[in-house]
$ cat run-v1.csv   # CSV, C-alpha atoms
chain,number,residue,atom,x,y,z
A,1,MET,CA,8.1,-0.2,-2.0
A,2,THR,CA,5.6,2.3,-0.9
A,3,PHE,CA,7.2,5.7,-1.2
A,4,ALA,CA,5.5,7.7,1.5
A,5,HIS,CA,4.8,11.5,1.6
A,6,GLU,CA,6.4,12.1,5.0
A,7,GLY,CA,6.3,15.7,6.3
A,8,TYR,CA,4.1,18.6,5.4
A,9,ARG,CA,6.7,21.3,5.2
A,10,GLY,CA,7.1,21.1,1.4
A,11,HIS,CA,10.8,20.4,1.3
A,12,ASP,CA,10.5,16.9,2.9
A,13,GLY,CA,7.3,15.6,1.1
A,14,TYR,CA,6.6,14.5,-2.5
A,15,GLY,CA,7.5,17.8,-3.9
A,16,GLY,CA,10.8,18.2,-2.0
A,17,ASP,CA,14.4,18.2,-3.0
A,18,LEU,CA,15.1,15.0,-1.1
A,19,VAL,CA,12.8,12.8,-3.2
A,20,GLY,CA,15.6,12.0,-5.7
A,21,PRO,CA,18.2,11.1,-3.1
A,22,SER,CA,15.7,9.0,-1.2
A,23,MET,CA,14.8,7.1,-4.4
A,24,ASP,CA,18.5,6.6,-5.1
A,25,SER,CA,18.7,4.9,-1.7
A,26,LEU,CA,15.9,2.5,-2.8
A,27,LYS,CA,17.6,1.7,-6.1
A,28,SER,CA,20.8,0.8,-4.2
A,29,LEU,CA,18.8,-1.9,-2.3
A,30,GLY,CA,17.5,-3.4,-5.6
A,31,VAL,CA,14.0,-1.9,-5.5
A,32,ASN,CA,12.5,-1.5,-9.0
A,33,ALA,CA,9.0,-0.3,-8.3
A,34,VAL,CA,7.4,2.3,-6.0
A,35,ALA,CA,3.8,3.1,-5.0
A,36,ILE,CA,3.0,6.8,-4.9
A,37,VAL,CA,0.1,7.5,-2.5
A,38,PRO,CA,-1.8,10.8,-2.8
A,39,TYR,CA,-4.4,11.0,0.0
A,40,THR,CA,-7.8,12.6,0.0
A,41,PHE,CA,-9.7,13.3,3.3
A,42,MET,CA,-13.0,12.6,5.0
A,43,ARG,CA,-13.8,14.5,8.2
A,44,GLY,CA,-15.8,11.5,9.5
A,45,MET,CA,-18.1,8.7,8.5
A,46,GLY,CA,-21.0,10.8,7.3
A,47,PRO,CA,-22.3,11.2,3.8
A,48,VAL,CA,-19.9,12.6,1.3
A,49,ASP,CA,-20.3,14.7,-1.8
A,50,THR,CA,-16.7,15.3,-2.8
A,51,PHE,CA,-13.3,14.0,-2.3
A,52,PRO,CA,-10.9,16.9,-2.5
A,53,ILE,CA,-7.7,16.9,-4.5
A,54,PRO,CA,-5.2,18.6,-2.1
A,55,ASP,CA,-3.9,21.9,-3.5
A,56,HIS,CA,-2.1,23.5,-0.5
A,57,TYR,CA,1.6,23.7,-0.1
A,58,GLY,CA,3.1,20.7,1.7
A,59,ALA,CA,0.3,18.3,0.8
A,60,GLU,CA,0.2,15.6,-1.8
A,61,ASN,CA,-1.0,18.1,-4.5
A,62,ASP,CA,-0.7,17.2,-8.1
A,63,SER,CA,2.5,19.2,-8.6
A,64,ALA,CA,4.2,17.3,-5.7
A,65,VAL,CA,2.9,13.9,-6.9
A,66,LEU,CA,4.2,14.5,-10.4
A,67,HIS,CA,7.5,15.5,-9.0
A,68,SER,CA,7.9,12.2,-7.3
A,69,ILE,CA,6.5,10.2,-10.3
A,70,ARG,CA,9.0,11.8,-12.6
A,71,ASN,CA,11.9,11.3,-10.2
A,72,ALA,CA,11.0,7.6,-10.1
A,73,GLN,CA,10.7,7.3,-13.9
A,74,ALA,CA,14.0,9.1,-14.3
A,75,ARG,CA,15.6,6.3,-12.3
A,76,GLY,CA,13.9,3.5,-14.2
A,77,LEU,CA,11.4,2.6,-11.5
A,78,TYR,CA,8.0,1.2,-12.2
A,79,VAL,CA,5.3,3.4,-10.7
A,80,MET,CA,2.0,2.4,-9.2
A,81,LEU,CA,-0.3,5.3,-8.4
A,82,LYS,CA,-2.3,4.4,-5.3
A,83,PRO,CA,-4.8,7.1,-4.3
A,84,GLN,CA,-6.2,6.5,-0.8
A,85,ILE,CA,-8.8,8.0,1.6
A,86,TRP,CA,-7.7,9.2,5.0
A,87,VAL,CA,-10.7,9.2,7.4
A,88,ARG,CA,-10.4,11.3,10.5
A,89,GLY,CA,-10.8,9.1,13.5
A,90,GLY,CA,-11.6,6.0,11.4
A,91,TRP,CA,-10.7,3.5,8.8
A,92,PRO,CA,-11.8,3.3,5.2
A,93,GLY,CA,-13.0,-0.2,5.7
A,94,SER,CA,-15.7,1.0,8.0
A,95,ILE,CA,-17.2,3.5,5.6
A,96,ASP,CA,-20.8,2.5,5.3
A,97,PHE,CA,-24.2,4.1,4.6
A,98,ALA,CA,-27.7,3.2,5.4
A,99,THR,CA,-29.4,4.2,2.2
A,100,ASP,CA,-28.8,3.8,-1.5
A,101,ALA,CA,-29.0,7.6,-1.9
A,102,GLU,CA,-26.0,8.0,0.4
A,103,TRP,CA,-24.1,5.3,-1.5
A,104,ASP,CA,-24.9,7.1,-4.7
A,105,ARG,CA,-23.3,10.3,-3.4
A,106,PHE,CA,-20.3,8.3,-2.3
A,107,PHE,CA,-19.7,6.6,-5.6
A,108,ARG,CA,-20.3,9.7,-7.6
A,109,ALA,CA,-17.7,11.6,-5.6
A,110,TYR,CA,-15.3,8.6,-5.6
A,111,GLY,CA,-15.6,8.2,-9.3
A,112,GLU,CA,-14.8,11.8,-10.1
A,113,TRP,CA,-11.8,11.6,-7.7
A,114,ILE,CA,-10.3,8.3,-9.0
A,115,LEU,CA,-10.8,9.3,-12.6
A,116,HIS,CA,-8.7,12.4,-12.0
A,117,TYR,CA,-5.8,10.0,-11.1
A,118,ALA,CA,-6.6,7.6,-13.9
A,119,GLU,CA,-6.1,10.5,-16.3
A,120,MET,CA,-2.9,11.4,-14.6
A,121,ALA,CA,-1.7,7.8,-14.8
A,122,GLN,CA,-2.4,7.8,-18.5
A,123,ARG,CA,-0.7,11.1,-19.2
A,124,GLU,CA,2.4,10.0,-17.3
A,125,GLU,CA,2.4,6.5,-18.8
A,126,LEU,CA,2.4,4.8,-15.4
A,127,TYR,CA,2.7,1.1,-15.1
A,128,ALA,CA,-0.2,0.6,-12.7
A,129,LEU,CA,-3.2,2.2,-11.0
A,130,CYS,CA,-4.6,1.0,-7.7
A,131,ILE,CA,-8.3,1.9,-7.9
A,132,GLY,CA,-9.1,1.6,-4.1
A,133,THR,CA,-7.7,0.5,-0.8
A,134,GLU,CA,-9.4,-1.4,2.0
A,135,LEU,CA,-12.9,-0.1,1.2
A,136,VAL,CA,-14.3,-3.3,2.8
A,137,GLN,CA,-18.0,-2.4,3.0
A,138,ALA,CA,-18.1,-0.7,-0.4
A,139,THR,CA,-16.6,-3.7,-2.2
A,140,ARG,CA,-18.7,-6.3,-0.3
A,141,LYS,CA,-22.0,-4.5,-0.7
A,142,HIS,CA,-21.7,-2.9,-4.1
A,143,PRO,CA,-19.6,-5.0,-6.6
A,144,GLU,CA,-21.7,-3.8,-9.6
A,145,ARG,CA,-21.0,-0.2,-8.8
A,146,TRP,CA,-17.3,-1.1,-8.8
A,147,ARG,CA,-17.6,-3.0,-12.1
A,148,ASP,CA,-19.2,0.1,-13.7
A,149,MET,CA,-16.4,2.3,-12.3
A,150,ILE,CA,-13.7,0.0,-13.6
A,151,ARG,CA,-15.2,0.2,-17.1
A,152,ARG,CA,-15.0,4.0,-16.9
A,153,ILE,CA,-11.5,3.9,-15.6
A,154,ARG,CA,-10.4,1.7,-18.5
A,155,ASP,CA,-11.8,4.3,-20.9
A,156,ARG,CA,-9.2,6.7,-19.6
A,157,TYR,CA,-6.3,4.5,-18.6
A,158,ASP,CA,-4.8,1.6,-20.5
A,159,GLY,CA,-2.3,0.3,-17.9
A,160,VAL,CA,-2.5,-2.3,-15.2
A,161,LEU,CA,-5.4,-2.1,-12.8
A,162,THR,CA,-5.4,-3.5,-9.3
A,163,TYR,CA,-7.2,-3.0,-6.0
A,164,ALA,CA,-5.6,-3.2,-2.5
A,165,ALA,CA,-7.8,-5.5,-0.5
A,166,ASN,CA,-7.6,-5.7,3.3
A,167,TRP,CA,-6.1,-8.9,4.6
A,168,GLY,CA,-8.6,-11.5,5.7
A,169,GLU,CA,-12.2,-11.5,4.5
A,170,GLU,CA,-12.0,-8.8,1.9
A,171,PHE,CA,-9.2,-10.3,0.0
A,172,GLU,CA,-10.3,-13.9,0.4
A,173,GLN,CA,-14.0,-13.3,-0.6
A,174,PHE,CA,-13.5,-10.4,-3.1
A,175,SER,CA,-16.1,-10.9,-5.8
A,176,PHE,CA,-14.7,-9.0,-8.9
A,177,TRP,CA,-11.1,-9.9,-9.2
A,178,GLU,CA,-11.8,-11.0,-12.8
A,179,GLU,CA,-12.5,-7.3,-13.7
A,180,LEU,CA,-8.9,-6.4,-12.7
A,181,ASP,CA,-5.5,-7.3,-14.0
A,182,VAL,CA,-3.8,-8.1,-10.7
A,183,MET,CA,-5.0,-9.1,-7.3
A,184,GLY,CA,-3.7,-6.7,-4.6
A,185,LEU,CA,-3.3,-7.8,-0.9
A,186,ASN,CA,-2.5,-5.5,2.0
A,187,SER,CA,-1.0,-8.3,4.1
A,188,TYR,CA,-0.9,-7.7,7.8
A,189,TYR,CA,-1.6,-11.3,8.8
A,190,PRO,CA,-0.2,-12.2,12.2
A,191,LEU,CA,2.8,-14.5,11.9
A,192,SER,CA,2.3,-15.9,15.4
A,193,ASP,CA,0.3,-15.1,18.6
A,194,ASP,CA,3.3,-16.2,20.8
A,195,PRO,CA,5.2,-13.2,22.2
A,196,GLU,CA,8.3,-15.5,22.3
A,197,ALA,CA,7.9,-17.1,18.9
A,198,THR,CA,11.0,-18.7,17.4
A,199,PRO,CA,12.2,-17.8,13.9
A,200,ALA,CA,10.9,-21.2,12.6
A,201,GLU,CA,7.5,-20.4,14.0
A,202,LEU,CA,7.5,-17.0,12.3
A,203,THR,CA,8.5,-18.5,9.0
A,204,LEU,CA,5.7,-21.1,9.3
A,205,GLY,CA,3.2,-18.3,9.9
A,206,ALA,CA,4.4,-16.2,6.9
A,207,VAL,CA,4.5,-19.2,4.6
A,208,SER,CA,1.0,-20.2,5.7
A,209,TRP,CA,-0.7,-17.0,4.7
A,210,MET,CA,1.4,-16.8,1.5
A,211,ARG,CA,0.1,-20.3,0.5
A,212,MET,CA,-3.5,-19.1,1.1
A,213,ALA,CA,-2.9,-16.0,-1.1
A,214,ASP,CA,-1.3,-18.2,-3.8
A,215,SER,CA,-4.4,-20.5,-3.7
A,216,THR,CA,-6.8,-17.5,-4.0
A,217,SER,CA,-4.7,-16.2,-6.9
A,218,ARG,CA,-5.0,-19.5,-8.7
A,219,VAL,CA,-8.8,-19.6,-8.2
A,220,HIS,CA,-9.2,-16.3,-9.9
A,221,ASP,CA,-6.4,-16.8,-12.5
A,222,ARG,CA,-4.8,-13.5,-11.7
A,223,PRO,CA,-1.2,-12.6,-10.6
A,224,LEU,CA,-0.7,-11.5,-7.0
A,225,TRP,CA,0.8,-8.3,-5.7
A,226,LEU,CA,1.4,-7.5,-2.0
A,227,THR,CA,0.2,-3.9,-2.3
A,228,GLU,CA,1.2,-3.4,1.3
A,229,VAL,CA,3.2,-5.5,3.7
A,230,GLY,CA,5.3,-4.4,6.6
A,231,TYR,CA,6.2,-4.6,10.3
A,232,ARG,CA,6.9,-2.1,13.0
A,233,SER,CA,10.1,-2.1,15.0
A,234,VAL,CA,8.4,-3.1,18.3
A,235,ALA,CA,8.5,-6.1,20.5
A,236,GLY,CA,6.2,-8.8,19.2
A,237,ALA,CA,5.7,-7.0,15.9
A,238,TRP,CA,4.5,-10.3,14.4
A,239,ARG,CA,1.4,-10.6,16.6
A,240,ASN,CA,-0.6,-7.8,15.1
A,241,PRO,CA,1.4,-6.1,12.4
A,242,HIS,CA,-0.9,-3.3,11.6
A,243,ALA,CA,-1.6,-2.1,15.2
A,244,GLU,CA,-0.4,1.2,16.6
A,245,ALA,CA,2.9,1.0,18.6
A,246,GLY,CA,1.2,2.2,21.8
A,247,ASP,CA,3.4,1.6,24.7
A,248,ARG,CA,5.2,-1.4,23.2
A,249,VAL,CA,9.0,-1.4,23.6
A,250,ALA,CA,11.0,-0.6,20.5
A,251,SER,CA,12.7,-3.6,19.0
A,252,GLU,CA,14.6,-3.4,15.7
A,253,GLU,CA,15.5,-7.1,16.2
A,254,ALA,CA,11.8,-8.1,16.2
A,255,GLN,CA,11.2,-6.2,13.0
A,256,ALA,CA,14.1,-7.9,11.3
A,257,ARG,CA,12.8,-11.3,12.4
A,258,CYS,CA,9.5,-10.5,10.7
A,259,TYR,CA,11.3,-9.5,7.5
A,260,ALA,CA,13.3,-12.7,7.6
A,261,ALA,CA,10.1,-14.7,7.8
A,262,LEU,CA,8.6,-12.6,4.9
A,263,SER,CA,11.7,-13.4,2.8
A,264,ALA,CA,11.1,-17.1,3.2
A,265,ALA,CA,7.4,-16.7,2.3
A,266,VAL,CA,8.3,-14.7,-0.8
A,267,CYS,CA,10.7,-17.4,-1.9
A,268,SER,CA,8.0,-20.0,-1.4
A,269,SER,CA,5.4,-18.3,-3.5
A,270,GLU,CA,4.5,-19.5,-7.0
A,271,ARG,CA,2.1,-16.6,-7.7
A,272,LEU,CA,3.7,-13.4,-6.3
A,273,ALA,CA,4.6,-10.9,-9.1
A,274,GLY,CA,5.1,-7.7,-7.1
A,275,MET,CA,5.5,-6.4,-3.6
A,276,PHE,CA,5.3,-2.9,-2.0
A,277,VAL,CA,6.8,-2.8,1.4
A,278,TRP,CA,5.2,-0.3,3.8
A,279,LYS,CA,7.1,2.1,3.8
A,280,TRP,CA,10.0,4.3,2.8
A,281,PRO,CA,10.0,8.1,3.5
A,282,SER,CA,10.1,10.8,0.9
A,283,TYR,CA,13.0,12.4,2.7
A,284,LEU,CA,16.4,10.8,2.7
A,285,GLY,CA,16.8,10.1,6.4
A,286,HIS,CA,14.9,7.6,8.5
A,287,GLN,CA,13.9,9.7,11.5
A,288,GLU,CA,10.6,8.4,12.9
A,289,ASP,CA,11.1,9.1,16.6
A,290,ARG,CA,8.0,9.0,18.8
A,291,ASP,CA,8.7,10.0,22.4
A,292,GLY,CA,12.3,9.1,21.7
A,293,ARG,CA,11.4,5.7,20.3
A,294,ARG,CA,11.9,4.3,16.8
A,295,VAL,CA,8.8,2.2,16.6
A,296,GLY,CA,7.4,2.9,13.1
A,297,PHE,CA,7.3,0.8,9.9
A,298,VAL,CA,10.3,2.3,8.1
A,299,PRO,CA,12.9,-0.4,7.6
A,300,GLY,CA,15.7,1.9,6.4
A,301,GLY,CA,18.5,2.6,8.9
A,302,LYS,CA,17.6,-0.6,10.8
A,303,PRO,CA,18.7,-4.2,10.5
A,304,ALA,CA,15.5,-4.9,8.5
A,305,GLY,CA,16.8,-2.6,5.8
A,306,GLU,CA,19.6,-5.0,5.0
A,307,LEU,CA,17.0,-7.7,4.3
A,308,LEU,CA,15.4,-5.7,1.5
A,309,ARG,CA,18.0,-6.9,-1.0
A,310,THR,CA,16.6,-10.4,-0.5
A,311,LEU,CA,13.0,-9.3,-0.6
A,312,TYR,CA,13.5,-7.4,-3.9
A,313,ARG,CA,15.0,-10.3,-5.9
A,314,TYR,CA,11.5,-10.8,-7.3
A,315,PRO,CA,10.6,-7.9,-9.7
A,316,PRO,CA,7.1,-7.6,-11.2
A,317,GLU,CA,6.6,-8.7,-14.8
A,318,ARG,CA,6.2,-6.2,-17.5
$ encode --input "run-v1.csv" --output "C-alpha cells"
Amino acid sequence: MTFAHEGYRGHDGYGGDLVGPSMDSLKSLGVNAVAIVPYTFMRGMGPVDTFPIPDHYGAENDSAVLHSIRNAQARGLYVMLKPQIWVRGGWPGSIDFATDAEWDRFFRAYGEWILHYAEMAQREELYALCIGTELVQATRKHPERWRDMIRRIRDRYDGVLTYAANWGEEFEQFSFWEELDVMGLNSYYPLSDDPEATPAELTLGAVSWMRMADSTSRVHDRPLWLTEVGYRSVAGAWRNPHAEAGDRVASEEAQARCYAALSAAVCSSERLAGMFVWKWPSYLGHQEDRDGRRVGFVPGGKPAGELLRTLYRYPPER
C-alpha cells in the first residue's frame, strides 16, 4: 500500500500522531508492506540545478519520513522508500531538455537527491528503494546515465532496487531492467472503454494487462511489483484510471468493481511478487471530500476497502 503524506499541518502528515493508528488500520486488512513517498519539487519544466529536500514543518522532511518509517517497522511492515518529483503544472514523464548540458545538470542534481535517500534506506535497513517514478523521457533517452547512477546507489544501499515505470511504453520498452532487482509498474491501464462495462468485461481487461506484465517480466527474468495501482470512486473509473475526477459523478460502486477485477488479475498472475495500492492517508480517517464529493483514490471507508483483504493475500517474497 502507498502510505501517503496527506495534509500539511504537521499533525496529519508523515510526522503526525495519527500515523501509527492509520498503519494499524492497514495491518487489520492484511497489508504487509508500505511505500513511503517523500516528494521534491520542480517549479516548471526548465533546467534544474538542485532537488530540494523539504525541511519545513508539515512537509515530508526527513524527521517526518523517519517517523513513518519507524512506525511501519514497529508493526512488522516491509518498507519501500519511493522518492518522487512533483512538477508544478506538469508530469515527471514530460521532463525533457534540448541539450546534453541541461541533462548533465538534471542528472547531477537527481543523483545527489536520490543518494540522500539511498543512505537513509541503508541506515534504516529498509527492504526496498525505488530509484525513480515515471521519468519517461529520462529513462528512454539516457539509459547509460541511469546505469551509472544505479552503480552509485548500490555503493550506498544493499537492499532491493526497483524503478516505477509508467504504464504503457515506458514499462513495456524499458531498456535496463536487468540492472535492477525488481520490475516496477505503475498500472493505470484502462479496463474497458465502455461506460456500461459488465464485471466480466472489467475482469477480462484487468487480466489482459496483467498477462502482458507477466510476459514482460519473464523476458527480463525479474519479479514484478505493481508500484502503483488504484481507481477513483467515480462513475466509469475503469475507463481512464489515472485521470482527474473533473465533473464525474462520485461512485463507490464503480471503484469497488475495479478492485474486484484487479483481484481476479492478481490471482491469475504467475509473476506478481508485490503490490502497492494507491493510496492510504497518513491520518486515520478517510476524508477526501472535494466540493462535497468523495471522488479520490482512497479505498478505505468505502466498499473497495473490504476487497483489500483479497488483494493482500499475496505478500512480497523476502
$ closest_atom_pairs --input "run-v1.csv" --of "region 75-98 of chain A" --to "region 20-32 of chain A" --cutoff "10 Å" --atoms "only C-alpha atoms" --output "CSV"
residue,atom,partner,partner_atom,distance
A:Arg75,CA,A:Asp24,CA,7.8
A:Gly76,CA,A:Asn32,CA,7.3
A:Leu77,CA,A:Asn32,CA,4.9
A:Tyr78,CA,A:Asn32,CA,6.1
A:Val79,CA,A:Asn32,CA,8.9
$ atom_distance --input "run-v1.csv" --atom1 "CA of Pro92 (chain A)" --atom2 "CA of Ser187 (chain A)"
15.9 Å
$ residues_around --input "run-v1.csv" --residues "Pro38 (chain A)" --least-positions-apart "6" --cutoff "12 Å" --atoms "all atoms listed in the file" --output "mmCIF file with C-alpha atoms, in the frame of the given file"
data_model
loop_
_atom_site.group_PDB
_atom_site.id
_atom_site.type_symbol
_atom_site.label_atom_id
_atom_site.label_comp_id
_atom_site.auth_asym_id
_atom_site.auth_seq_id
_atom_site.Cartn_x
_atom_site.Cartn_y
_atom_site.Cartn_z
ATOM 1 C CA THR A 2 5.600 2.300 -0.900
ATOM 2 C CA PHE A 3 7.200 5.700 -1.200
ATOM 3 C CA ALA A 4 5.500 7.700 1.500
ATOM 4 C CA HIS A 5 4.800 11.500 1.600
ATOM 5 C CA GLU A 6 6.400 12.100 5.000
ATOM 6 C CA GLY A 13 7.300 15.600 1.100
ATOM 7 C CA TYR A 14 6.600 14.500 -2.500
ATOM 8 C CA GLY A 15 7.500 17.800 -3.900
ATOM 9 C CA PHE A 51 -13.300 14.000 -2.300
ATOM 10 C CA PRO A 52 -10.900 16.900 -2.500
ATOM 11 C CA ILE A 53 -7.700 16.900 -4.500
ATOM 12 C CA PRO A 54 -5.200 18.600 -2.100
ATOM 13 C CA ASP A 55 -3.900 21.900 -3.500
ATOM 14 C CA GLY A 58 3.100 20.700 1.700
ATOM 15 C CA ALA A 59 0.300 18.300 0.800
ATOM 16 C CA GLU A 60 0.200 15.600 -1.800
ATOM 17 C CA ASN A 61 -1.000 18.100 -4.500
ATOM 18 C CA ASP A 62 -0.700 17.200 -8.100
ATOM 19 C CA SER A 63 2.500 19.200 -8.600
ATOM 20 C CA ALA A 64 4.200 17.300 -5.700
ATOM 21 C CA VAL A 65 2.900 13.900 -6.900
ATOM 22 C CA LEU A 66 4.200 14.500 -10.400
ATOM 23 C CA SER A 68 7.900 12.200 -7.300
ATOM 24 C CA ILE A 69 6.500 10.200 -10.300
ATOM 25 C CA MET A 80 2.000 2.400 -9.200
ATOM 26 C CA LEU A 81 -0.300 5.300 -8.400
ATOM 27 C CA LYS A 82 -2.300 4.400 -5.300
ATOM 28 C CA PRO A 83 -4.800 7.100 -4.300
ATOM 29 C CA GLN A 84 -6.200 6.500 -0.800
ATOM 30 C CA ILE A 85 -8.800 8.000 1.600
ATOM 31 C CA TRP A 86 -7.700 9.200 5.000
ATOM 32 C CA TRP A 113 -11.800 11.600 -7.700
ATOM 33 C CA ILE A 114 -10.300 8.300 -9.000
ATOM 34 C CA HIS A 116 -8.700 12.400 -12.000
ATOM 35 C CA TYR A 117 -5.800 10.000 -11.100
ATOM 36 C CA MET A 120 -2.900 11.400 -14.600
ATOM 37 C CA LEU A 129 -3.200 2.200 -11.000
ATOM 38 C CA CYS A 130 -4.600 1.000 -7.700
ATOM 39 C CA GLY A 132 -9.100 1.600 -4.100
#
$ closest_residue --input "run-v1.csv" --among "A:Glu112, A:Glu134, A:Asp155, A:Glu119" --to "Glu170 (chain A)" --atoms "only C-alpha atoms"
A:Glu134
$ closest_residue --input "run-v1.csv" --among "A:Ala245, A:Cys267, A:Ala237, A:Val298" --to "Ser282 (chain A)" --atoms "all atoms listed in the file"
A:Val298
$ residues_around --input "run-v1.csv" --residues "region 156-164 of chain A" --least-positions-apart "4" --cutoff "7 Å" --atoms "all atoms listed in the file" --output "PyMOL selection string"
chain A and resi 118-119+121-122+126-134+152+180-186+227
$ write_last_selection --input "run-v1.csv" --atoms "C-alpha atoms" --output "compact mmCIF listing (two decimals), in the coordinates of the input"
# COMPACT_ATOMS: atom_id res chain seq x y z
CA ALA A 118 -6.60 7.60 -13.90
CA GLU A 119 -6.10 10.50 -16.30
CA ALA A 121 -1.70 7.80 -14.80
CA GLN A 122 -2.40 7.80 -18.50
CA LEU A 126 2.40 4.80 -15.40
CA TYR A 127 2.70 1.10 -15.10
CA ALA A 128 -0.20 0.60 -12.70
CA LEU A 129 -3.20 2.20 -11.00
CA CYS A 130 -4.60 1.00 -7.70
CA ILE A 131 -8.30 1.90 -7.90
CA GLY A 132 -9.10 1.60 -4.10
CA THR A 133 -7.70 0.50 -0.80
CA GLU A 134 -9.40 -1.40 2.00
CA ARG A 152 -15.00 4.00 -16.90
CA LEU A 180 -8.90 -6.40 -12.70
CA ASP A 181 -5.50 -7.30 -14.00
CA VAL A 182 -3.80 -8.10 -10.70
CA MET A 183 -5.00 -9.10 -7.30
CA GLY A 184 -3.70 -6.70 -4.60
CA LEU A 185 -3.30 -7.80 -0.90
CA ASN A 186 -2.50 -5.50 2.00
CA THR A 227 0.20 -3.90 -2.30
$ decode --input "run-v1.csv" --residues "region 196-265 of chain A" --atoms "C-alpha atoms" --output "PDB file, in the first residue's frame"
ATOM      1  CA  GLU A 196     -21.512   0.414 -19.057  1.00  0.00           C
ATOM      2  CA  ALA A 197     -18.932  -2.381 -18.887  1.00  0.00           C
ATOM      3  CA  THR A 198     -20.009  -5.567 -17.137  1.00  0.00           C
ATOM      4  CA  PRO A 199     -18.000  -7.162 -14.316  1.00  0.00           C
ATOM      5  CA  ALA A 200     -16.885  -9.877 -16.735  1.00  0.00           C
ATOM      6  CA  GLU A 201     -15.606  -7.276 -19.202  1.00  0.00           C
ATOM      7  CA  LEU A 202     -13.702  -5.452 -16.467  1.00  0.00           C
ATOM      8  CA  THR A 203     -12.111  -8.697 -15.317  1.00  0.00           C
ATOM      9  CA  LEU A 204     -11.090  -9.504 -18.888  1.00  0.00           C
ATOM     10  CA  GLY A 205      -9.461  -6.087 -19.193  1.00  0.00           C
ATOM     11  CA  ALA A 206      -7.540  -6.441 -15.933  1.00  0.00           C
ATOM     12  CA  VAL A 207      -6.364  -9.971 -16.682  1.00  0.00           C
ATOM     13  CA  SER A 208      -5.260  -8.844 -20.155  1.00  0.00           C
ATOM     14  CA  TRP A 209      -2.818  -6.200 -18.916  1.00  0.00           C
ATOM     15  CA  MET A 210      -1.633  -8.492 -16.129  1.00  0.00           C
ATOM     16  CA  ARG A 211      -0.748 -11.159 -18.695  1.00  0.00           C
ATOM     17  CA  MET A 212       1.228  -8.573 -20.656  1.00  0.00           C
ATOM     18  CA  ALA A 213       3.086  -7.543 -17.493  1.00  0.00           C
ATOM     19  CA  ASP A 214       3.779 -11.190 -16.647  1.00  0.00           C
ATOM     20  CA  SER A 215       5.165 -11.765 -20.133  1.00  0.00           C
ATOM     21  CA  THR A 216       7.439  -8.722 -19.907  1.00  0.00           C
ATOM     22  CA  SER A 217       8.634  -9.917 -16.508  1.00  0.00           C
ATOM     23  CA  ARG A 218       9.551 -13.309 -17.970  1.00  0.00           C
ATOM     24  CA  VAL A 219      11.510 -11.737 -20.821  1.00  0.00           C
ATOM     25  CA  HIS A 220      13.699  -9.814 -18.382  1.00  0.00           C
ATOM     26  CA  ASP A 221      13.795 -12.565 -15.747  1.00  0.00           C
ATOM     27  CA  ARG A 222      12.819 -10.222 -12.937  1.00  0.00           C
ATOM     28  CA  PRO A 223       9.938 -10.407 -10.445  1.00  0.00           C
ATOM     29  CA  LEU A 224       7.113  -7.917 -10.880  1.00  0.00           C
ATOM     30  CA  TRP A 225       5.753  -5.353  -8.455  1.00  0.00           C
ATOM     31  CA  LEU A 226       2.799  -3.080  -9.017  1.00  0.00           C
ATOM     32  CA  THR A 227       4.463   0.012  -7.589  1.00  0.00           C
ATOM     33  CA  GLU A 228       1.158   1.839  -8.039  1.00  0.00           C
ATOM     34  CA  VAL A 229      -2.331   0.654  -8.912  1.00  0.00           C
ATOM     35  CA  GLY A 230      -5.641   2.201  -7.978  1.00  0.00           C
ATOM     36  CA  TYR A 231      -9.007   3.554  -9.043  1.00  0.00           C
ATOM     37  CA  ARG A 232     -11.019   6.629  -8.142  1.00  0.00           C
ATOM     38  CA  SER A 233     -14.516   6.368  -6.732  1.00  0.00           C
ATOM     39  CA  VAL A 234     -16.129   7.932  -9.813  1.00  0.00           C
ATOM     40  CA  ALA A 235     -18.513   6.707 -12.484  1.00  0.00           C
ATOM     41  CA  GLY A 236     -16.641   4.801 -15.186  1.00  0.00           C
ATOM     42  CA  ALA A 237     -13.463   4.704 -13.083  1.00  0.00           C
ATOM     43  CA  TRP A 238     -12.161   1.879 -15.273  1.00  0.00           C
ATOM     44  CA  ARG A 239     -12.015   3.976 -18.472  1.00  0.00           C
ATOM     45  CA  ASN A 240      -9.044   6.188 -17.572  1.00  0.00           C
ATOM     46  CA  PRO A 241      -7.951   5.292 -14.046  1.00  0.00           C
ATOM     47  CA  HIS A 242      -5.332   7.998 -13.623  1.00  0.00           C
ATOM     48  CA  ALA A 243      -7.440  10.932 -14.872  1.00  0.00           C
ATOM     49  CA  GLU A 244      -8.623  13.728 -12.616  1.00  0.00           C
ATOM     50  CA  ALA A 245     -12.138  13.375 -11.265  1.00  0.00           C
ATOM     51  CA  GLY A 246     -13.300  16.519 -13.052  1.00  0.00           C
ATOM     52  CA  ASP A 247     -17.068  16.733 -13.048  1.00  0.00           C
ATOM     53  CA  ARG A 248     -17.612  12.974 -12.971  1.00  0.00           C
ATOM     54  CA  VAL A 249     -20.255  11.696 -10.580  1.00  0.00           C
ATOM     55  CA  ALA A 250     -18.990  10.019  -7.410  1.00  0.00           C
ATOM     56  CA  SER A 251     -19.467   6.248  -7.454  1.00  0.00           C
ATOM     57  CA  GLU A 252     -18.063   3.983  -4.765  1.00  0.00           C
ATOM     58  CA  GLU A 253     -19.701   1.055  -6.534  1.00  0.00           C
ATOM     59  CA  ALA A 254     -17.661   1.698  -9.707  1.00  0.00           C
ATOM     60  CA  GLN A 255     -14.456   1.817  -7.668  1.00  0.00           C
ATOM     61  CA  ALA A 256     -15.340  -1.476  -5.985  1.00  0.00           C
ATOM     62  CA  ARG A 257     -15.981  -3.116  -9.368  1.00  0.00           C
ATOM     63  CA  CYS A 258     -12.499  -2.079 -10.480  1.00  0.00           C
ATOM     64  CA  TYR A 259     -10.955  -3.605  -7.367  1.00  0.00           C
ATOM     65  CA  ALA A 260     -12.898  -6.815  -7.910  1.00  0.00           C
ATOM     66  CA  ALA A 261     -11.433  -7.023 -11.415  1.00  0.00           C
ATOM     67  CA  LEU A 262      -7.963  -6.282 -10.059  1.00  0.00           C
ATOM     68  CA  SER A 263      -8.359  -9.086  -7.522  1.00  0.00           C
ATOM     69  CA  ALA A 264      -9.046 -11.525 -10.347  1.00  0.00           C
ATOM     70  CA  ALA A 265      -5.990 -10.296 -12.238  1.00  0.00           C
TER      71      ALA A 265
END
